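The file run31.txt comes next; it holds compact mmCIF, C-alpha atoms (C1' of nucleotides).
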# COMPACT_ATOMS: atom_id res chain seq x y z
CA MET A 1 -3.00 -0.54 -6.08
CA GLN A 2 -3.27 1.14 -2.74
CA ILE A 3 -6.72 0.64 -1.31
CA THR A 4 -7.14 3.64 0.92
CA ARG A 5 -10.13 4.67 2.94
CA ALA A 6 -11.14 6.93 0.13
CA SER A 7 -11.79 3.87 -2.02
CA GLU A 8 -13.66 2.13 0.73
CA TYR A 9 -15.78 5.17 1.38
CA ALA A 10 -16.48 5.49 -2.32
CA MET A 11 -17.69 1.91 -2.47
CA LEU A 12 -19.84 2.34 0.61
CA GLY A 13 -21.23 5.56 -0.75
CA LEU A 14 -22.23 3.90 -3.97
CA LEU A 15 -23.82 1.07 -2.05
CA ALA A 16 -25.96 3.63 -0.30
CA LEU A 17 -27.16 4.88 -3.65
CA ALA A 18 -27.55 1.39 -5.03
CA ARG A 19 -29.96 0.24 -2.40
CA ARG A 20 -32.40 2.96 -3.37
CA PRO A 21 -34.63 3.02 -6.42
CA MET A 22 -32.56 3.78 -9.48
CA GLY A 23 -32.50 7.49 -10.21
CA GLU A 24 -33.23 8.68 -6.71
CA VAL A 25 -31.23 11.71 -5.64
CA VAL A 26 -29.57 11.46 -2.25
CA MET A 27 -27.84 14.19 -0.34
CA LEU A 28 -24.27 13.85 0.75
CA ASP A 29 -24.92 14.05 4.44
CA VAL A 30 -27.56 11.36 4.26
CA VAL A 31 -25.08 8.97 2.72
CA ALA A 32 -22.41 10.06 5.14
CA ARG A 33 -24.59 9.43 8.15
CA GLU A 34 -25.79 6.13 6.81
CA GLU A 35 -22.32 4.76 6.28
CA ASP A 36 -20.58 6.64 9.05
CA ILE A 37 -18.20 8.64 6.89
CA PRO A 38 -17.01 12.23 7.49
CA VAL A 39 -19.26 14.26 5.26
CA SER A 40 -16.72 16.70 3.93
CA PHE A 41 -14.37 13.90 3.00
CA LEU A 42 -17.17 12.08 1.29
CA GLY A 43 -17.85 15.26 -0.63
CA LYS A 44 -14.39 15.15 -2.10
CA ILE A 45 -14.73 11.53 -2.95
CA PHE A 46 -18.03 11.94 -4.69
CA GLN A 47 -16.51 14.70 -6.75
CA SER A 48 -14.11 12.11 -8.09
CA LEU A 49 -16.91 9.69 -8.75
CA ALA A 50 -18.79 12.40 -10.60
CA ARG A 51 -15.74 13.16 -12.73
CA GLY A 52 -15.51 9.44 -13.41
CA LYS A 53 -19.13 9.45 -14.62
CA LEU A 54 -20.24 6.98 -12.01
CA VAL A 55 -22.60 9.40 -10.31
CA LYS A 56 -24.27 12.60 -11.32
CA SER A 57 -24.57 15.53 -9.00
CA SER A 58 -27.24 18.16 -8.94
CA ARG A 59 -27.00 21.35 -7.01
CA GLY A 60 -29.38 23.64 -5.26
CA SER A 61 -32.12 22.70 -2.94
CA GLY A 62 -33.34 19.20 -3.62
CA GLY A 63 -29.92 18.39 -5.01
CA GLY A 64 -27.62 15.52 -4.25
CA PHE A 65 -26.16 12.54 -6.03
CA MET A 66 -27.59 9.73 -8.08
CA LEU A 67 -26.14 6.76 -9.87
CA VAL A 68 -25.62 7.30 -13.55
CA ARG A 69 -25.38 3.63 -14.48
CA SER A 70 -27.15 0.66 -13.07
CA PRO A 71 -25.24 -0.90 -10.16
CA GLU A 72 -24.93 -4.20 -12.01
CA THR A 73 -22.61 -2.56 -14.50
CA ILE A 74 -20.30 -0.77 -12.06
CA THR A 75 -17.29 -2.79 -11.00
CA ALA A 76 -15.25 -2.29 -7.88
CA LEU A 77 -12.21 -1.69 -10.05
CA GLU A 78 -13.88 1.23 -11.75
CA VAL A 79 -14.73 2.75 -8.43
CA ILE A 80 -11.22 2.37 -7.10
CA GLU A 81 -9.64 3.80 -10.21
CA ALA A 82 -12.06 6.70 -10.26
CA VAL A 83 -10.92 7.63 -6.78
CA GLU A 84 -7.26 6.73 -6.78
CA GLY A 85 -6.41 7.34 -10.39
CA PRO A 86 -4.53 4.72 -12.36
CA VAL A 87 -3.14 2.75 -9.51
CA SER A 88 -0.24 0.38 -9.22
CA LEU A 89 0.68 -2.19 -6.62
CA THR A 90 4.23 -0.88 -6.39
CA ARG A 91 6.32 1.92 -7.74
CA CYS A 92 7.83 -0.58 -10.16
CA LEU A 93 4.53 -0.60 -12.00
CA ASP A 94 3.78 3.08 -11.83
CA GLU A 95 3.04 4.43 -15.24
CA ASP A 96 4.92 7.67 -14.77
CA THR A 97 8.06 6.76 -12.91
CA GLY A 98 8.40 3.13 -14.00
CA CYS A 99 10.84 0.73 -12.40
CA GLU A 100 13.80 2.53 -11.04
CA HIS A 101 15.86 -0.36 -9.80
CA ALA A 102 19.30 -1.02 -11.04
CA GLY A 103 19.82 -3.20 -14.05
CA GLY A 104 17.11 -5.53 -15.31
CA CYS A 105 14.72 -5.77 -12.44
CA ALA A 106 13.34 -9.24 -11.92
CA LEU A 107 10.59 -8.03 -9.66
CA CYS A 108 8.50 -6.04 -12.09
CA GLY A 109 7.11 -9.13 -13.77
CA LEU A 110 6.13 -10.65 -10.48
CA PHE A 111 4.46 -7.51 -9.29
CA ALA A 112 2.65 -7.10 -12.56
CA GLU A 113 1.26 -10.59 -12.25
CA ALA A 114 0.05 -9.93 -8.74
CA GLN A 115 -1.51 -6.69 -9.78
CA ASP A 116 -3.33 -8.36 -12.63
CA ARG A 117 -4.82 -10.82 -10.21
CA VAL A 118 -6.07 -8.10 -7.96
CA LYS A 119 -7.59 -6.29 -10.87
CA GLU A 120 -9.29 -9.49 -11.97
CA VAL A 121 -10.95 -9.82 -8.62
CA PHE A 122 -12.00 -6.21 -8.41
CA SER A 123 -13.32 -6.12 -11.92
CA SER A 124 -15.44 -9.19 -11.31
CA ALA A 125 -17.37 -7.69 -8.40
CA THR A 126 -20.13 -5.21 -9.06
CA VAL A 127 -21.73 -2.63 -6.85
CA ALA A 128 -25.00 -4.54 -7.16
CA GLN A 129 -23.42 -7.76 -5.87
CA LEU A 130 -21.83 -6.02 -2.95
CA SER A 131 -24.97 -4.13 -2.18
CA GLY A 132 -26.73 -7.44 -1.78
CA ARG A 133 -24.63 -8.44 1.14
CA HIS A 134 -24.21 -5.15 2.92
CA ILE A 135 -25.94 -4.07 6.09
CA PRO A 136 -25.71 -0.31 6.47
CA GLY A 137 -24.47 0.93 9.78
CA GLY A 138 -27.35 3.03 10.92
CA MET A 139 -29.40 0.05 11.91
CA VAL A 140 -28.03 -3.13 13.39
CA ARG A 141 -24.44 -2.58 14.27
CA GLN A 142 -24.08 -5.87 16.06
CA ALA A 143 -25.55 -8.10 13.40
CA ARG A 144 -22.39 -8.73 11.45
CA GLN A 145 -22.39 -11.82 9.41
CA ARG A 146 -19.05 -13.39 8.89
CA GLU A 147 -19.12 -16.02 6.17
CA ARG A 148 -16.81 -15.47 3.27
CA ILE A 149 -18.52 -15.27 -0.06
CA VAL A 150 -16.84 -15.92 -3.36
CA PHE A 151 -15.80 -13.13 -5.65
CA ARG A 152 -13.81 -15.26 -7.99
CA PRO A 153 -13.64 -14.36 -11.63
CA GLN A 154 -15.90 -17.05 -13.10
CA ARG A 155 -14.53 -20.43 -12.33
CA ALA A 156 -15.64 -23.57 -10.58
CA ALA A 157 -16.94 -22.85 -7.09
CA LYS A 158 -14.69 -25.44 -5.51
CA PRO A 159 -11.39 -23.85 -4.41
CA ALA A 160 -9.48 -26.68 -6.03
CA ALA A 161 -7.75 -27.86 -2.88
CA LEU A 162 -4.19 -26.96 -3.92
CA THR A 163 -3.47 -30.56 -4.76
CA GLU A 164 -4.42 -30.80 -8.39
CA LYS A 165 -1.45 -31.25 -10.58
CA ASN A 166 -1.95 -31.29 -14.26
CA ALA A 167 -5.47 -30.25 -15.08
CA ALA A 168 -5.15 -30.11 -18.80
CA MET B 1 -0.15 -6.08 1.66
CA GLN B 2 1.68 -2.87 1.05
CA ILE B 3 4.76 -3.53 -1.02
CA THR B 4 7.16 -0.87 0.11
CA ARG B 5 10.69 -0.28 -0.99
CA ALA B 6 11.84 -2.21 2.01
CA SER B 7 10.33 -5.34 0.50
CA GLU B 8 11.81 -4.63 -2.88
CA TYR B 9 15.23 -4.03 -1.40
CA ALA B 10 14.93 -7.21 0.61
CA MET B 11 14.21 -9.20 -2.51
CA LEU B 12 17.03 -7.59 -4.41
CA GLY B 13 19.37 -8.18 -1.52
CA LEU B 14 18.52 -11.83 -1.43
CA LEU B 15 19.01 -12.07 -5.16
CA ALA B 16 22.51 -10.75 -4.64
CA LEU B 17 23.20 -13.56 -2.21
CA ALA B 18 21.47 -16.10 -4.39
CA ARG B 19 23.67 -15.55 -7.39
CA ARG B 20 26.73 -16.50 -5.39
CA PRO B 21 27.76 -19.99 -4.37
CA MET B 22 25.56 -21.19 -1.56
CA GLY B 23 27.08 -20.41 1.83
CA GLU B 24 29.22 -17.52 0.72
CA VAL B 25 29.28 -14.60 3.13
CA VAL B 26 28.73 -11.18 1.62
CA MET B 27 29.11 -7.84 3.27
CA LEU B 28 26.27 -5.40 3.43
CA ASP B 29 27.92 -2.67 1.47
CA VAL B 30 28.80 -5.03 -1.34
CA VAL B 31 25.15 -5.95 -1.73
CA ALA B 32 24.10 -2.34 -1.37
CA ARG B 33 26.45 -1.20 -4.08
CA GLU B 34 25.51 -4.04 -6.36
CA GLU B 35 21.80 -3.32 -6.18
CA ASP B 36 22.03 0.41 -5.66
CA ILE B 37 20.40 0.52 -2.25
CA PRO B 38 21.27 2.87 0.63
CA VAL B 39 23.53 0.76 2.81
CA SER B 40 22.20 1.78 6.19
CA PHE B 41 18.65 1.13 5.11
CA LEU B 42 19.64 -2.23 3.76
CA GLY B 43 21.20 -2.94 7.12
CA LYS B 44 17.86 -2.53 8.82
CA ILE B 45 16.17 -4.69 6.26
CA PHE B 46 18.67 -7.51 6.59
CA GLN B 47 18.14 -7.44 10.30
CA SER B 48 14.53 -8.32 9.63
CA LEU B 49 15.54 -11.05 7.25
CA ALA B 50 17.87 -12.44 9.86
CA ARG B 51 15.12 -12.43 12.46
CA GLY B 52 12.96 -14.23 9.90
CA LYS B 53 15.65 -16.89 9.53
CA LEU B 54 16.12 -16.24 5.87
CA VAL B 55 19.70 -15.11 6.24
CA LYS B 56 22.34 -15.53 8.86
CA SER B 57 24.63 -12.73 9.88
CA SER B 58 28.13 -13.00 11.19
CA ARG B 59 30.00 -10.17 12.78
CA GLY B 60 33.54 -9.05 12.96
CA SER B 61 35.99 -8.80 10.18
CA GLY B 62 35.16 -11.24 7.46
CA GLY B 63 31.56 -11.04 8.53
CA GLY B 64 28.47 -10.40 6.46
CA PHE B 65 25.35 -12.22 5.44
CA MET B 66 24.63 -15.56 3.88
CA LEU B 67 21.51 -17.40 2.85
CA VAL B 68 20.32 -19.91 5.40
CA ARG B 69 18.12 -21.86 3.04
CA SER B 70 18.56 -22.66 -0.59
CA PRO B 71 17.03 -19.99 -2.84
CA GLU B 72 14.69 -22.52 -4.43
CA THR B 73 12.84 -22.81 -1.15
CA ILE B 74 12.44 -19.13 -0.34
CA THR B 75 9.26 -17.59 -1.66
CA ALA B 76 8.66 -13.95 -2.33
CA LEU B 77 5.81 -14.03 0.15
CA GLU B 78 8.14 -15.12 2.93
CA VAL B 79 10.48 -12.29 2.14
CA ILE B 80 7.74 -9.70 2.12
CA GLU B 81 6.24 -10.93 5.35
CA ALA B 82 9.63 -11.06 7.01
CA VAL B 83 10.08 -7.40 6.25
CA GLU B 84 6.58 -5.98 6.56
CA GLY B 85 5.15 -8.27 9.17
CA PRO B 86 1.79 -9.92 8.65
CA VAL B 87 0.47 -7.70 5.95
CA SER B 88 -3.00 -6.89 4.78
CA LEU B 89 -4.25 -5.32 1.61
CA THR B 90 -6.54 -2.97 3.51
CA ARG B 91 -7.34 -2.01 7.05
CA CYS B 92 -10.46 -4.15 6.75
CA LEU B 93 -8.23 -7.21 6.78
CA ASP B 94 -5.82 -6.08 9.44
CA GLU B 95 -5.52 -8.69 12.13
CA ASP B 96 -5.42 -6.22 15.00
CA THR B 97 -7.95 -3.57 14.13
CA GLY B 98 -10.24 -5.58 11.89
CA CYS B 99 -12.98 -4.04 9.79
CA GLU B 100 -14.24 -0.88 11.36
CA HIS B 101 -16.98 0.05 8.95
CA ALA B 102 -20.53 0.45 10.02
CA GLY B 103 -22.84 -2.52 10.01
CA GLY B 104 -22.03 -5.64 8.02
CA CYS B 105 -19.32 -4.57 5.67
CA ALA B 106 -19.65 -6.04 2.23
CA LEU B 107 -16.15 -5.12 1.26
CA CYS B 108 -14.15 -7.35 3.56
CA GLY B 109 -14.92 -10.47 1.60
CA LEU B 110 -13.90 -8.87 -1.63
CA PHE B 111 -10.66 -7.57 -0.21
CA ALA B 112 -9.90 -10.91 1.35
CA GLU B 113 -10.29 -12.59 -2.00
CA ALA B 114 -7.98 -10.11 -3.67
CA GLN B 115 -5.43 -10.52 -0.96
CA ASP B 116 -5.50 -14.27 -1.29
CA ARG B 117 -4.76 -13.95 -4.97
CA VAL B 118 -1.80 -11.75 -4.33
CA LYS B 119 -0.47 -14.15 -1.77
CA GLU B 120 -0.88 -17.00 -4.23
CA VAL B 121 1.27 -15.21 -6.73
CA PHE B 122 3.94 -14.25 -4.27
CA SER B 123 4.09 -17.66 -2.71
CA SER B 124 4.58 -19.26 -6.08
CA ALA B 125 7.70 -17.32 -6.97
CA THR B 126 11.02 -18.25 -5.43
CA VAL B 127 14.19 -16.31 -4.99
CA ALA B 128 15.91 -18.77 -7.27
CA GLN B 129 13.43 -18.16 -10.08
CA LEU B 130 13.73 -14.43 -9.78
CA SER B 131 17.46 -14.62 -9.57
CA GLY B 132 17.45 -16.32 -12.92
CA ARG B 133 16.00 -13.33 -14.66
CA HIS B 134 17.73 -10.53 -12.84
CA ILE B 135 20.55 -8.39 -14.13
CA PRO B 136 22.26 -6.63 -11.26
CA GLY B 137 22.72 -2.91 -11.66
CA GLY B 138 26.44 -2.60 -11.49
CA MET B 139 26.93 -3.85 -14.99
CA VAL B 140 24.65 -3.08 -17.89
CA ARG B 141 22.21 -0.47 -16.81
CA GLN B 142 20.75 0.02 -20.22
CA ALA B 143 20.14 -3.60 -21.12
CA ARG B 144 16.70 -3.98 -19.64
CA GLN B 145 14.67 -6.77 -21.00
CA ARG B 146 11.00 -6.22 -21.07
CA GLU B 147 9.09 -9.44 -21.73
CA ARG B 148 6.65 -10.55 -19.12
CA ILE B 149 7.21 -13.96 -17.66
CA VAL B 150 4.58 -16.07 -15.94
CA PHE B 151 4.47 -16.46 -12.21
CA ARG B 152 1.15 -18.22 -12.06
CA PRO B 153 0.37 -20.58 -9.23
CA GLN B 154 0.24 -24.01 -10.84
CA ARG B 155 -2.74 -24.21 -13.09
CA ALA B 156 -3.46 -24.79 -16.72
CA ALA B 157 -1.73 -22.16 -18.77
CA LYS B 158 -4.95 -21.05 -20.39
CA PRO B 159 -6.67 -18.35 -18.30
CA ALA B 160 -10.03 -20.10 -18.66
CA ALA B 161 -11.62 -17.39 -20.74
CA LEU B 162 -14.17 -16.13 -18.18
CA THR B 163 -17.00 -17.92 -19.94
CA GLU B 164 -17.29 -21.28 -18.28
CA LYS B 165 -20.33 -21.60 -16.12
CA ASN B 166 -21.00 -24.65 -14.07
CA ALA B 167 -17.97 -26.86 -14.00
CA ALA B 168 -19.05 -29.19 -11.25
C1' DT C 1 44.94 -7.96 24.58
C1' DT C 2 44.06 -4.69 21.70
C1' DG C 3 42.13 -2.78 17.70
C1' DA C 4 39.62 -2.75 13.72
C1' DA C 5 35.92 -4.71 11.05
C1' DA C 6 31.31 -5.74 10.63
C1' DC C 7 26.59 -6.25 12.17
C1' DA C 8 22.69 -4.98 16.07
C1' DG C 9 19.47 -2.03 17.50
C1' DG C 10 17.33 2.00 19.07
C1' DA C 11 16.58 6.92 18.43
C1' DC C 12 16.03 10.26 15.42
C1' DT C 13 14.69 12.84 11.08
C1' DA C 14 12.84 14.00 6.56
C1' DT C 15 9.58 13.23 3.08
C1' DT C 16 5.40 11.69 1.25
C1' DT C 17 0.81 10.08 1.55
C1' DT C 18 -3.41 9.82 3.69
C1' DT C 19 -7.20 11.77 5.81
C1' DG C 20 -9.35 14.92 6.50
C1' DT C 21 -11.22 20.41 7.33
C1' DC C 22 -12.54 24.99 5.75
C1' DC C 23 -14.24 28.48 3.07
C1' DG C 24 -15.56 31.28 -0.66
C1' DG C 25 -17.78 30.33 -5.18
C1' DT C 26 -21.34 28.56 -8.22
C1' DT C 27 -25.60 26.65 -9.46
C1' DG C 28 -30.48 25.84 -9.21
C1' DC C 29 -35.00 26.20 -7.19
C1' DG C 30 -38.91 28.68 -5.53
C1' DC D 1 -33.77 37.38 -3.83
C1' DG D 2 -32.16 33.95 -0.79
C1' DC D 3 -31.41 29.54 0.65
C1' DA D 4 -29.86 24.90 -0.22
C1' DA D 5 -26.63 22.00 -1.97
C1' DC D 6 -22.48 20.78 -4.43
C1' DC D 7 -17.54 22.58 -6.42
C1' DG D 8 -12.96 23.09 -5.83
C1' DG D 9 -8.84 24.76 -4.03
C1' DA D 10 -6.03 25.69 0.05
C1' DC D 11 -4.85 24.19 4.13
C1' DA D 12 -3.63 21.06 8.19
C1' DA D 13 -2.95 17.11 11.10
C1' DA D 14 -1.62 12.49 11.42
C1' DA D 15 0.41 8.40 9.79
C1' DA D 16 3.43 5.79 7.01
C1' DT D 17 7.60 5.51 4.43
C1' DA D 18 12.32 5.99 3.76
C1' DG D 19 15.98 6.69 5.44
C1' DT D 20 20.24 8.36 8.85
C1' DC D 21 23.10 8.09 12.86
C1' DC D 22 25.25 6.72 16.88
C1' DT D 23 26.43 3.66 20.43
C1' DG D 24 26.92 -0.85 21.30
C1' DT D 25 28.55 -5.95 20.75
C1' DT D 26 30.75 -9.65 18.51
C1' DT D 27 34.55 -11.62 16.02
C1' DC D 28 38.88 -11.99 13.97
C1' DA D 29 43.61 -11.51 13.94
C1' DA D 30 47.90 -9.21 14.72
Whole structure, structure tokens version:
Amino acid sequence: MQITRASEYAMLGLLALARRPMGEVVMLDVVAREEDIPVSFLGKIFQSLARGKLVKSSRGSGGGFMLVRSPETITALEVIEAVEGPVSLTRCLDEDTGCEHAGGCALCGLFAEAQDRVKEVFSSATVAQLSGRHIPGGMVRQARQRERIVFRPQRAAKPAALTEKNAA
Amino acid sequence: MQITRASEYAMLGLLALARRPMGEVVMLDVVAREEDIPVSFLGKIFQSLARGKLVKSSRGSGGGFMLVRSPETITALEVIEAVEGPVSLTRCLDEDTGCEHAGGCALCGLFAEAQDRVKEVFSSATVAQLSGRHIPGGMVRQARQRERIVFRPQRAAKPAALTEKNAA
DNA sequence: TTGAAACAGGACTATTTTTGTCCGGTTGCG
DNA sequence: CGCAACCGGACAAAAATAGTCCTGTTTCAA
């Protein structure tokens, strides 16, 4: 589950589309400038997103990219997987190679659990949600807000204080 | 929070110590052979573990490594952080550089949440637990068991079904 | 006290992954 | 036709990963 810049750029790129009226076509270099991303790299990334059916591209003059689905329905996990392919937290969990440690590896289970948690979080956040709390870079670069907002897969808002024992 | 081979090897190395009587000193190349790890690489890794006070090294003939603390008290998170340093899931969360995206980045919060979940999982698994379900490689390389075992940070076993709304 | 055994630690190297760039091709519009 | 925009593959630079190696230093024990 490597989160590389490509994934981040993909998310930011989609946010740029999401804050426009649904269906609007935006050119690559507009998005790139807005989010401060190298345009040719963003091109590659949007190709992946197009293959993943998250955006649609149109060519020729007046062309560009538009969202295919409404931003409420696109999860961060989808975006990441569209860009990185089927990802795994460690080689142990890689679908192709599998765990290559000697004997019965005790770690795979642990890693799998951790990976599931990450996927839970990423699949519970949508592009629309993120778009809501994003300030694109072109404008106010100093006005960063810093509060942490919850992206917990539906559960009570209270972080449960670590000291509850047997909530049955 | 990159989980590299170094972390995996560190865990496996500690498991090798953990399945011996507490306090026993084991040489590097014994561990390396047992877990099928390049010995010189493992040397480097154990240096980190020693600096992190997880193992103690002794030199000279009859030297080697031993656990400093009982394996029940060593969490996977400690091991990983001893080897990788203070880790972060993405550059956004890196303590030095911090988030470098334009404007107010919506992604940091999401990544932070995911990272917290991973840390929860890794801090809830101990070397002792893992040791229990590990078959070292020297012996039966084909007898891999495959069931997934839970490493959930204490909570009700039921995953709460995603459909509860306002549990105040 | 001398020598060998074992780790310490830094320098070095090889491989892989990430992060891009570049350029010719294709498509679509006017 | 001719330009505007994306497509897609090849390429390249930089960084991270995965080690190796060699020269210590410490310790034990003959």
Quiz item: Please, which residues of chain C lie no more than 8 Å from chain B when the count uses all atoms listed in the file, and can they be set out as a PyMOL selection string?
Solution: chain C and resi 4-8
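Between CA of Lys119 in chain A and CA of Cys99 in chain B there is a distance of 21.5 Å.
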Kindly provide the residues of chain D that approach chain B to within 7 Å, each paired with its closest atom pair and their distance in Å to one decimal, based on all atoms listed in the file, listed by chain and increasing number, as JSON lines.
{"residue": "D:DG19", "atom": "C1'", "partner": "B:Phe41", "partner_atom": "CA", "distance": 6.2}
{"residue": "D:DT26", "atom": "C1'", "partner": "B:Arg59", "partner_atom": "CA", "distance": 5.8}
{"residue": "D:DT27", "atom": "C1'", "partner": "B:Gly60", "partner_atom": "CA", "distance": 4.1}
{"residue": "D:DC28", "atom": "C1'", "partner": "B:Ser61", "partner_atom": "CA", "distance": 5.7}
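Atom pair C1' of DT26 in chain C / CA of Ala18 in chain A: separated by 28.1 Å.
Of note, CA of Leu14 in chain A and CA of Val118 in chain B are spaced 25.7 Å apart.
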Self-check item: Selection: 10 Å around DA12 in chain D, all atoms listed in the file, excl. self and same-chain fewer than 2 positions, as a ChimeraX atom specification
Solution: /C:20-21 /D:10,14
Produce a file of the selected residues containing C-alpha atoms (C1' of nucleotides), as a tab-separated table (two decimals), keeping the file's coordinate frame.
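Saved as again05.tsv:
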chain	number	residue	atom	x	y	z
C	20	DG	C1'	-9.35	14.92	6.50
C	21	DT	C1'	-11.22	20.41	7.33
D	10	DA	C1'	-6.03	25.69	0.05
D	14	DA	C1'	-1.62	12.49	11.42
Practice problem: Write out as number ranges by chain the residues lying within 9 Å of Glu8 in chain B, counting only C-alpha atoms (C1' of nucleotides) and excluding same-chain residues fewer than 5 positions away. | Solution: A: 107; B: 3, 13, 80
Exercise. Please write as a ChimeraX atom specification the list of polymer residues whose atoms come within 7 Å of (-6.2, -6.9, -5.1), counting all atoms listed in the file and keeping to the coordinates of the file.
Key: /A:115,117-119,121-122 /B:111,114-115,118
Exercise. Extract, using only C-alpha atoms (C1' of nucleotides), all DNA, RNA and protein residues at most 9 Å from Leu12 in chain A, discarding same-chain residues fewer than 2 positions from it, and format them as a PyMOL selection string.
Key: (chain A and resi 7-10+14-17+31+35+131+134+136) or (chain B and resi 105-107)
Centre, x/y/z edge lengths, axis-aligned box for range 115-130 of chain A with 4 Å per side, as AutoDock Vina command-line options:
--center_x -13.3 --center_y -6.7 --center_z -7.8 --size_x 31.5 --size_y 16.2 --size_z 17.7
